[in-house]
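Enquirer: What follows is structure-v2.cif, mmCIF, C-alpha atoms.
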```cif
data_my_file
loop_
_atom_site.label_atom_id
_atom_site.label_comp_id
_atom_site.auth_asym_id
_atom_site.auth_seq_id
_atom_site.Cartn_x
_atom_site.Cartn_y
_atom_site.Cartn_z
CA MET D 1 0.00 0.00 0.00
CA HIS D 2 1.45 3.34 -1.08
CA SER D 3 0.52 6.89 -0.15
CA MET D 4 -0.64 9.35 -2.79
CA LYS D 5 -0.50 13.14 -2.47
CA ARG D 6 -2.37 15.69 -4.56
CA PHE D 7 -2.51 19.48 -4.45
CA PHE D 8 -5.48 21.81 -4.84
CA ASN D 9 -5.78 25.58 -5.12
CA VAL D 10 -8.90 27.39 -3.87
CA ALA D 11 -9.09 31.20 -3.91
CA GLY D 12 -5.33 31.40 -4.34
CA HIS D 13 -4.60 29.13 -1.35
CA THR D 14 -2.97 25.76 -2.00
CA PHE D 15 -3.50 22.71 0.19
CA ALA D 16 -2.54 19.04 -0.04
CA VAL D 17 -4.40 15.77 0.49
CA SER D 18 -2.54 12.55 1.35
CA MET D 19 -4.19 9.11 1.39
CA SER D 20 -3.33 5.57 0.47
CA ASP D 21 -3.54 5.11 -3.29
CA ASP D 22 -6.36 2.56 -2.85
CA SER D 23 -8.51 4.83 -0.65
CA PRO D 24 -12.12 4.90 -1.92
CA ILE D 25 -12.19 8.65 -1.21
CA TRP D 26 -10.11 9.31 -4.33
CA SER D 27 -13.01 8.11 -6.49
CA MET D 28 -15.40 10.52 -4.74
CA MET D 29 -13.42 13.72 -5.41
CA ASP D 30 -14.93 14.91 -8.69
CA ASN D 31 -15.83 18.21 -7.01
CA TYR D 32 -12.11 18.86 -6.44
CA SER D 33 -11.01 18.15 -10.04
CA PRO D 34 -11.31 21.79 -11.26
CA PHE D 35 -8.99 22.87 -8.43
CA ILE D 36 -6.10 20.43 -8.99
CA THR D 37 -2.77 22.25 -9.24
CA GLU D 38 0.93 21.49 -9.54
CA GLU D 39 3.05 20.83 -6.47
CA PRO D 40 3.75 24.21 -4.88
CA VAL D 41 6.84 25.45 -3.09
CA SER D 42 4.79 25.19 0.10
CA GLU D 43 1.17 24.49 0.93
CA LEU D 44 -1.06 26.27 3.42
CA PHE D 45 -2.06 22.99 5.06
CA SER D 46 -2.26 19.28 4.38
CA LEU D 47 -4.88 16.69 5.29
CA SER D 48 -4.02 13.01 5.75
CA THR D 49 -6.32 10.09 6.51
CA VAL D 50 -5.28 7.75 9.29
CA SER D 51 -6.66 4.46 10.60
CA CYS D 52 -6.74 5.67 14.20
CA LEU D 53 -6.09 8.91 16.05
CA PRO D 54 -4.15 8.85 19.34
CA GLU D 55 -6.08 9.16 22.58
CA ARG D 56 -6.00 12.70 23.90
CA GLU D 57 -7.64 14.62 26.69
CA LEU D 58 -10.43 16.69 25.17
CA THR D 59 -11.54 20.04 26.54
CA PRO D 60 -14.89 21.13 25.06
CA VAL D 61 -14.77 24.48 23.24
CA LEU D 62 -17.88 24.57 21.06
CA LEU D 63 -20.52 21.84 21.34
CA GLN D 64 -23.52 21.43 19.06
CA GLU D 65 -26.00 21.12 21.91
CA ASN D 66 -25.06 24.65 22.94
CA VAL D 67 -25.70 26.03 19.44
CA ASN D 68 -29.12 27.17 18.26
CA ALA D 69 -29.41 24.92 15.20
CA ASP D 70 -32.09 22.64 13.83
CA ASP D 71 -31.77 18.86 13.98
CA GLU D 72 -30.89 18.65 10.27
CA ALA D 73 -27.87 20.94 10.53
CA ALA D 74 -24.41 19.38 10.46
CA SER D 75 -23.14 18.50 13.93
CA LEU D 76 -19.54 19.62 14.45
CA ASN D 77 -18.16 19.62 17.99
CA LEU D 78 -14.84 21.34 18.68
CA TYR D 79 -12.42 20.37 21.44
CA ARG D 80 -9.04 21.68 22.58
CA THR D 81 -6.18 19.21 22.96
CA ALA D 82 -2.58 19.50 24.10
CA CYS D 83 -1.53 19.52 20.43
CA GLY D 84 -4.23 21.68 18.87
CA TYR D 85 -7.87 20.92 18.15
CA ARG D 86 -10.07 17.87 17.63
CA VAL D 87 -13.45 17.93 15.88
CA SER D 88 -16.20 15.31 15.82
CA MET D 89 -18.38 15.34 12.69
CA ALA D 90 -21.86 14.00 11.97
CA PRO D 91 -24.40 14.88 9.24
CA ASN D 92 -26.81 16.06 11.97
CA ARG D 93 -27.13 15.94 15.73
CA LEU D 94 -29.27 12.78 15.56
CA SER D 95 -26.67 10.85 13.54
CA ASP D 96 -23.67 8.85 14.67
CA ILE D 97 -20.23 10.47 14.44
CA CYS D 98 -18.74 9.65 11.04
CA GLY D 99 -15.26 11.08 11.56
CA TRP D 100 -12.76 12.71 13.90
CA LEU D 101 -10.36 15.43 12.74
CA ASP D 102 -7.17 16.48 14.53
CA MET D 103 -5.75 19.92 13.63
CA SER D 104 -2.28 20.96 14.71
CA GLU D 105 -1.74 24.05 16.82
CA ASN D 106 -0.49 26.05 13.83
CA LEU D 107 -3.29 24.65 11.61
CA THR D 108 -0.85 23.35 8.98
CA GLN D 109 -1.59 19.67 9.57
CA GLY D 110 -4.85 17.75 9.72
CA HIS D 111 -5.35 14.05 10.40
CA LEU D 112 -8.73 12.48 9.71
CA GLN D 113 -10.04 9.21 11.10
CA ILE D 114 -13.12 8.14 9.16
CA LEU D 115 -15.54 6.03 11.20
CA SER D 116 -18.41 5.68 8.75
CA LYS D 117 -18.58 2.61 6.53
CA ASP D 118 -21.14 4.37 4.38
CA PRO D 119 -19.59 6.27 1.41
CA SER D 120 -21.78 9.32 1.99
CA GLY D 121 -20.69 9.51 5.62
CA ALA D 122 -17.04 9.16 4.66
CA LYS D 123 -17.38 11.89 2.04
CA PHE D 124 -19.13 14.14 4.58
CA ALA D 125 -16.23 13.74 7.02
CA PHE D 126 -13.64 14.35 4.30
CA ASP D 127 -15.31 17.47 2.84
CA ASN D 128 -15.99 19.01 6.22
CA SER D 129 -12.42 18.38 7.35
CA LEU D 130 -11.09 20.32 4.38
CA MET D 131 -13.65 23.10 4.84
CA LEU D 132 -12.72 23.49 8.52
CA LEU D 133 -8.98 23.46 7.84
CA PHE D 134 -9.45 25.97 5.04
CA ALA D 135 -11.62 28.33 7.11
CA PHE D 136 -9.32 28.17 10.14
CA SER D 137 -6.00 28.44 8.28
CA THR D 138 -7.10 31.32 6.02
CA SER D 139 -8.72 33.37 8.79
CA THR D 140 -5.60 35.54 9.10
CA LYS D 141 -5.12 35.87 5.33
CA ARG D 142 -7.90 38.32 4.36
CA THR D 143 -10.10 35.40 3.39
CA LEU D 144 -13.66 34.47 4.41
CA GLU D 145 -15.38 31.17 3.77
CA MET D 146 -19.04 32.14 3.40
CA HIS D 147 -22.47 30.53 3.63
CA SER D 148 -23.97 32.08 0.52
CA SER D 149 -25.44 31.48 -2.90
CA THR D 150 -23.56 33.56 -5.48
CA VAL D 151 -24.27 34.47 -9.10
CA VAL D 152 -22.26 36.41 -11.68
CA TYR D 153 -23.86 38.91 -14.04
CA ASN D 154 -21.95 41.11 -16.51
CA GLY D 155 -18.68 40.05 -14.88
CA MET D 156 -19.75 41.14 -11.38
CA ALA D 157 -20.70 38.85 -8.48
CA PHE D 158 -23.83 39.16 -6.34
CA MET D 159 -23.84 37.23 -3.06
CA PHE D 160 -27.05 36.26 -1.28
CA LEU D 161 -26.98 35.67 2.48
CA GLY D 162 -29.65 34.47 4.89
CA LYS D 163 -30.63 31.80 7.35
CA SER D 164 -31.12 28.25 6.10
CA GLY D 165 -34.47 28.01 4.32
CA THR D 166 -34.61 31.74 3.52
CA GLY D 167 -34.43 31.09 -0.22
CA LYS D 168 -30.84 31.87 -1.24
CA SER D 169 -30.78 29.14 -3.89
CA THR D 170 -34.25 30.10 -5.08
CA HIS D 171 -33.20 33.73 -5.51
CA SER D 172 -30.13 32.69 -7.51
CA ARG D 173 -32.36 30.53 -9.71
CA LEU D 174 -34.70 33.49 -10.26
CA TRP D 175 -31.76 35.59 -11.45
CA MET D 176 -30.69 32.89 -13.88
CA GLU D 177 -34.24 32.40 -15.19
CA ASN D 178 -35.15 36.08 -15.54
CA ILE D 179 -31.91 38.00 -16.02
CA PRO D 180 -30.14 36.86 -19.21
CA GLY D 181 -26.41 36.27 -18.90
CA THR D 182 -26.51 35.30 -15.22
CA TRP D 183 -24.66 32.16 -14.13
CA LEU D 184 -24.12 30.40 -10.81
CA LEU D 185 -20.66 30.60 -9.25
CA ASN D 186 -21.41 28.62 -6.10
CA ASP D 187 -24.59 27.73 -4.23
CA ASP D 188 -23.42 27.28 -0.64
CA ASN D 189 -19.76 27.94 0.24
CA PRO D 190 -17.99 30.53 -1.90
CA VAL D 191 -14.90 32.32 -0.58
CA ILE D 192 -14.32 36.07 -0.31
CA ARG D 193 -10.76 37.34 -0.55
CA ILE D 194 -9.71 40.96 -0.11
CA ARG D 195 -6.78 41.72 -2.40
CA GLU D 196 -3.87 43.97 -1.46
CA ASP D 197 -5.39 46.86 -3.43
CA GLY D 198 -8.62 46.49 -1.44
CA THR D 199 -10.61 44.81 -4.23
CA ALA D 200 -13.10 42.28 -2.87
CA MET D 201 -13.25 39.11 -4.96
CA VAL D 202 -15.42 36.01 -4.57
CA TYR D 203 -14.22 32.57 -5.65
CA GLY D 204 -15.88 29.29 -6.44
CA THR D 205 -14.91 26.30 -4.29
CA PRO D 206 -15.21 22.49 -4.23
CA TRP D 207 -18.00 22.88 -1.67
CA SER D 208 -21.46 23.87 -2.89
CA GLY D 209 -24.01 22.18 -0.63
CA LYS D 210 -26.68 20.15 -2.40
CA THR D 211 -26.12 21.88 -5.74
CA PRO D 212 -23.22 20.44 -7.78
CA CYS D 213 -21.54 23.69 -8.83
CA TYR D 214 -17.74 23.49 -8.56
CA ARG D 215 -16.31 26.27 -10.70
CA ASN D 216 -12.72 27.38 -10.37
CA ARG D 217 -13.63 30.94 -11.33
CA HIS D 218 -13.84 34.29 -9.55
CA ALA D 219 -15.31 37.76 -9.96
CA PRO D 220 -15.27 41.15 -8.21
CA ILE D 221 -18.18 41.60 -5.81
CA ALA D 222 -20.82 44.14 -6.86
CA ALA D 223 -23.09 43.65 -3.84
CA ILE D 224 -23.90 41.40 -0.89
CA VAL D 225 -27.61 41.00 -0.20
CA MET D 226 -29.23 39.73 3.00
CA LEU D 227 -32.49 37.98 2.09
CA GLU D 228 -35.63 37.95 4.22
CA GLN D 229 -38.95 36.37 3.26
CA ALA D 230 -41.85 38.86 3.05
CA PRO D 231 -45.26 39.26 1.36
CA TYR D 232 -43.79 42.11 -0.74
CA ASN D 233 -40.55 43.12 -2.49
CA ARG D 234 -38.49 45.90 -0.89
CA ILE D 235 -34.76 46.57 -0.84
CA GLN D 236 -32.68 49.00 1.21
CA ARG D 237 -28.98 49.76 1.65
CA LEU D 238 -27.52 48.64 4.97
CA ARG D 239 -25.41 50.81 7.21
CA VAL D 240 -21.97 49.53 8.21
CA PRO D 241 -23.04 48.07 11.61
CA GLU D 242 -25.93 46.22 9.95
CA ALA D 243 -23.66 45.00 7.17
CA TYR D 244 -21.14 43.75 9.72
CA ALA D 245 -23.85 41.78 11.54
CA ALA D 246 -24.91 40.23 8.23
CA ILE D 247 -21.45 39.08 7.20
CA TYR D 248 -20.52 37.98 10.74
CA SER D 249 -23.46 35.57 10.86
CA SER D 250 -22.60 34.10 7.44
CA ALA D 251 -18.81 33.71 7.65
CA SER D 252 -17.18 30.51 8.89
CA GLY D 253 -14.57 30.91 11.58
CA PHE D 254 -13.61 30.42 15.20
CA HIS D 255 -13.84 33.62 17.24
CA ALA D 256 -12.62 32.14 20.54
CA ASP D 257 -9.06 32.09 19.22
CA THR D 258 -7.57 35.60 19.40
CA ALA D 259 -5.48 35.41 16.23
CA MET D 260 -8.35 33.98 14.19
CA ALA D 261 -10.82 36.46 15.62
CA ASP D 262 -8.53 39.41 14.85
CA GLY D 263 -8.00 38.18 11.30
CA LEU D 264 -11.70 37.66 10.70
CA PHE D 265 -12.52 41.09 12.12
CA GLU D 266 -9.97 42.77 9.84
CA THR D 267 -11.32 41.01 6.74
CA MET D 268 -14.98 41.57 7.58
CA SER D 269 -14.29 45.24 8.34
CA ALA D 270 -12.63 45.65 4.93
CA ALA D 271 -15.59 43.91 3.29
CA VAL D 272 -18.31 46.04 4.88
CA THR D 273 -16.51 49.30 4.11
CA GLY D 274 -15.71 48.35 0.52
CA ILE D 275 -18.79 46.41 -0.65
CA PRO D 276 -22.39 47.68 -0.86
CA PHE D 277 -24.68 45.65 1.43
CA TYR D 278 -28.46 45.45 1.08
CA ARG D 279 -31.45 43.88 2.81
CA LEU D 280 -33.98 42.43 0.36
CA GLU D 281 -37.38 41.61 1.81
CA CYS D 282 -38.97 39.60 -0.93
CA LEU D 283 -41.31 37.14 -2.49
CA PRO D 284 -39.87 34.22 -4.49
CA ASN D 285 -40.67 35.82 -7.85
CA ALA D 286 -39.03 37.37 -10.89
CA GLU D 287 -39.82 40.90 -9.74
CA ALA D 288 -37.67 40.40 -6.63
CA ALA D 289 -34.68 39.33 -8.73
CA VAL D 290 -35.03 42.26 -11.14
CA LEU D 291 -35.47 44.75 -8.28
CA CYS D 292 -32.33 43.41 -6.64
CA ARG D 293 -30.37 43.56 -9.90
CA ASP D 294 -31.51 47.07 -10.76
CA THR D 295 -30.78 48.48 -7.29
CA ALA D 296 -27.41 46.80 -6.84
CA CYS D 297 -26.26 47.68 -10.34
CA ASP D 298 -27.13 51.31 -9.76
CA ASN D 299 -23.90 51.49 -7.73
CA HIS D 300 -21.93 49.86 -10.55
CA SER D 301 -23.36 51.55 -13.62
CA ASN D 302 -20.21 51.07 -15.68
CA GLU D 303 -20.05 47.33 -15.01
CA CYS D 304 -23.82 46.72 -15.21
CA ASN D 305 -24.64 48.78 -18.29
CA ALA D 306 -27.05 47.72 -21.03
CA LEU D 307 -29.30 45.96 -18.53
CA PRO D 308 -31.60 43.44 -20.23
CA THR D 309 -35.14 43.36 -18.96
CA GLY D 310 -36.50 40.41 -16.98
CA LYS D 311 -38.65 37.82 -18.66
#
```
How does this structure look as structure tokens?
Expert:
Amino acid sequence: MHSMKRFFNVAGHTFAVSMSDDSPIWSMMDNYSPFITEEPVSELFSLSTVSCLPERELTPVLLQENVNADDEAASLNLYRTACGYRVSMAPNRLSDICGWLDMSENLTQGHLQILSKDPSGAKFAFDNSLMLLFAFSTSTKRTLEMHSSTVVYNGMAFMFLGKSGTGKSTHSRLWMENIPGTWLLNDDNPVIRIREDGTAMVYGTPWSGKTPCYRNRHAPIAAIVMLEQAPYNRIQRLRVPEAYAAIYSSASGFHADTAMADGLFETMSAAVTGIPFYRLECLPNAEAAVLCRDTACDNHSNECNALPTGK
């Protein structure tokens, strides 16, 4: 049995995956194919699968039962160890744990023990391990892993935020159905990165929830829109404190660690001062999508010119 190592680049950050060459996980990684890259000089982090993790004393840091989440939400429990962090993972709080992840203190190494014999459970543990390592290790690098559905129109990205069940995916679909030229960048976990010149970009990732959309593409952000269900369509610009609350609730990260919290705060502050934020109270109809497009593009008239009408 030999070990195989492959490299992937997401939003300009390269990471490595190491597993035995006969691991069944390799055959379940189609979503990572667009992000394969050549071996870099150095990688941000690496993830390896192991048959068994060492026993360690676990100090609870963030437990699912203390989080206000529905029973269908993924159950991820975080513990402190003498060597870093350990995370238990399950598809929901009613399911058995399907994997344990160890992360080193400097977040450059991850070791995953997969418990599930079911392929879907194994894939869940693998994907969530990479998402956690990515979110934690990029938190100090002007990068935010977001919970958002994101479309691109006329070369500019529009990100839709909101609680689960709000209709983020539905709103993206309405844009694509009623605003010609719109395409989906990612439907669940895109990544924001603030460049050195202050430009806010959003990137596709290998993680897109239930919608298979794994595009290795990126675009400058025209607007971020917080969605709320309502019996009418109304949109308004958010002030900076409101915008910060919106992005804070939608960005992945660990705020109990000082370095991570400081990094996340810096990136979110740059985002809310450089990107227009809106609240869209809306119905799930074409008029809501067109209203959102017209209002958001009003701040980017050069990029959003020659607006086609909705169907």
Enquirer: My list of candidates is D:Ser120, D:Thr150, D:Ser208, D:Thr143. Which is closest to D:Val191 when distances are computed with only C-alpha atoms?
Expert: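 Comparing D:Ser120, D:Thr150, D:Ser208, D:Thr143 against D:Val191, the winner is D:Thr143.
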Enquirer: Nearest residue to D:Pro34 out of D:Phe7, D:Gly155, D:Asn178, D:Val61, using all atoms listed in the file?
Expert: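 Using all atoms listed in the file, the shortest distance to D:Pro34 belongs to D:Phe7.
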Enquirer: Write out, as a tab-separated table, each residue of stretch 65-173 of chain D that has an atom at most 12 Å from stretch 238-250 of chain D, together with the closest pair of atoms and their distance in Å to one decimal, counting only C-alpha atoms, rows going by chain and rising number.
Expert:
```
residue	atom	partner	partner_atom	distance
D:Leu144	CA	D:Ser250	CA	9.4
D:Glu145	CA	D:Ser250	CA	8.6
D:Met146	CA	D:Ser250	CA	5.7
D:His147	CA	D:Ser250	CA	5.2
D:Ser148	CA	D:Ser250	CA	7.3
D:Ser149	CA	D:Ser250	CA	11.0
D:Met159	CA	D:Ile247	CA	10.7
D:Phe160	CA	D:Ser250	CA	10.0
D:Leu161	CA	D:Ser250	CA	6.8
D:Gly162	CA	D:Ser250	CA	7.5
D:Lys163	CA	D:Ser250	CA	8.4
D:Ser164	CA	D:Ser250	CA	10.4
```
Enquirer: Keeping C-alpha atoms for every residue in the selection just given, could you write it to a file as a JSON list (two decimals), keeping the file's coordinate frame?
Expert:
```
[["chain", "number", "residue", "atom", "x", "y", "z"],
["D", 144, "LEU", "CA", -13.66, 34.47, 4.41],
["D", 145, "GLU", "CA", -15.38, 31.17, 3.77],
["D", 146, "MET", "CA", -19.04, 32.14, 3.40],
["D", 147, "HIS", "CA", -22.47, 30.53, 3.63],
["D", 148, "SER", "CA", -23.97, 32.08, 0.52],
["D", 149, "SER", "CA", -25.44, 31.48, -2.90],
["D", 159, "MET", "CA", -23.84, 37.23, -3.06],
["D", 160, "PHE", "CA", -27.05, 36.26, -1.28],
["D", 161, "LEU", "CA", -26.98, 35.67, 2.48],
["D", 162, "GLY", "CA", -29.65, 34.47, 4.89],
["D", 163, "LYS", "CA", -30.63, 31.80, 7.35],
["D", 164, "SER", "CA", -31.12, 28.25, 6.10]]
```
Enquirer: Return the single residue from D:Tyr278, D:Tyr232, D:Tyr153, D:Trp207 that is closest to D:Pro220, with distances computed using all atoms listed in the file.
Expert: D:Tyr153
Enquirer: Between atom CA of D:Ser137 and atom CA of D:Gln109, what is the distance, to one decimal in Å?
Expert: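 These atoms are spaced 9.9 Å apart.
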Enquirer: For each of D:Leu53, D:Ala296, D:Ile192, D:Val151, take the minimum atom-to-atom distance to D:Ala11, counting all atoms listed in the file, then give the residue where this is smallest.
Expert: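 Result for the nearest residue to D:Ala11: D:Ile192.
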Enquirer: Given the choices D:His13, D:Cys83, D:Ser139, D:Thr59, which gets closest to D:Thr258 if the distance is worked out from all atoms listed in the file?
Expert: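 That would be D:Ser139, the residue with the smallest distance to D:Thr258.
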Enquirer: Tell me which residues the PyMOL selection byres ((chain D and resi 134) around 9) grabs here, as a ChimeraX atom specification.
Expert: /D:13,15,44-45,129-133,135-139,145
Enquirer: Calculated over all atoms listed in the file, which of the candidates D:Trp183, D:Cys297, D:Trp26, D:Thr140 has the smallest distance to D:Ala259?
Expert: D:Thr140
Enquirer: Would you be able to write out as a ChimeraX atom specification which residues have an atom within 7 Å of (-7.7, 23.7, -10.5) in the file's coordinates, counting only C-alpha atoms?
Expert: /D:8-9,33-37,216
Enquirer: Emit the selected residues as a short mmCIF file (atom, residue, chain, number, x, y, z; two decimals), in the frame of the given file, including C-alpha atoms.
Expert:
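Output contents, as saved in out-v1.cif:
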```
data_model
loop_
_atom_site.label_atom_id
_atom_site.label_comp_id
_atom_site.auth_asym_id
_atom_site.auth_seq_id
_atom_site.Cartn_x
_atom_site.Cartn_y
_atom_site.Cartn_z
CA PHE D 8 -5.48 21.81 -4.84
CA ASN D 9 -5.78 25.58 -5.12
CA SER D 33 -11.01 18.15 -10.04
CA PRO D 34 -11.31 21.79 -11.26
CA PHE D 35 -8.99 22.87 -8.43
CA ILE D 36 -6.10 20.43 -8.99
CA THR D 37 -2.77 22.25 -9.24
CA ASN D 216 -12.72 27.38 -10.37
#
```
Enquirer: Go ahead and compute the interatomic distance for atom CA of D:Arg173 and atom CA of D:Phe126, in Å to one decimal.
Expert: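 So the two atoms, atom CA of D:Arg173 and atom CA of D:Phe126, lie 28.4 Å apart.
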Enquirer: Written as JSON, numbers by chain, which residues does the PyMOL selection byres ((chain D and resi 217) around 8) give for the file shown?
Expert: {"D": [185, 203, 204, 215, 216, 218, 219]}
Enquirer: Write out the residues from the selection above, keeping C-alpha atoms, as a short mmCIF file (atom, residue, chain, number, x, y, z; two decimals), keeping the file's coordinate frame.
Expert:
```cif
data_model
loop_
_atom_site.label_atom_id
_atom_site.label_comp_id
_atom_site.auth_asym_id
_atom_site.auth_seq_id
_atom_site.Cartn_x
_atom_site.Cartn_y
_atom_site.Cartn_z
CA LEU D 185 -20.66 30.60 -9.25
CA TYR D 203 -14.22 32.57 -5.65
CA GLY D 204 -15.88 29.29 -6.44
CA ARG D 215 -16.31 26.27 -10.70
CA ASN D 216 -12.72 27.38 -10.37
CA HIS D 218 -13.84 34.29 -9.55
CA ALA D 219 -15.31 37.76 -9.96
#
```
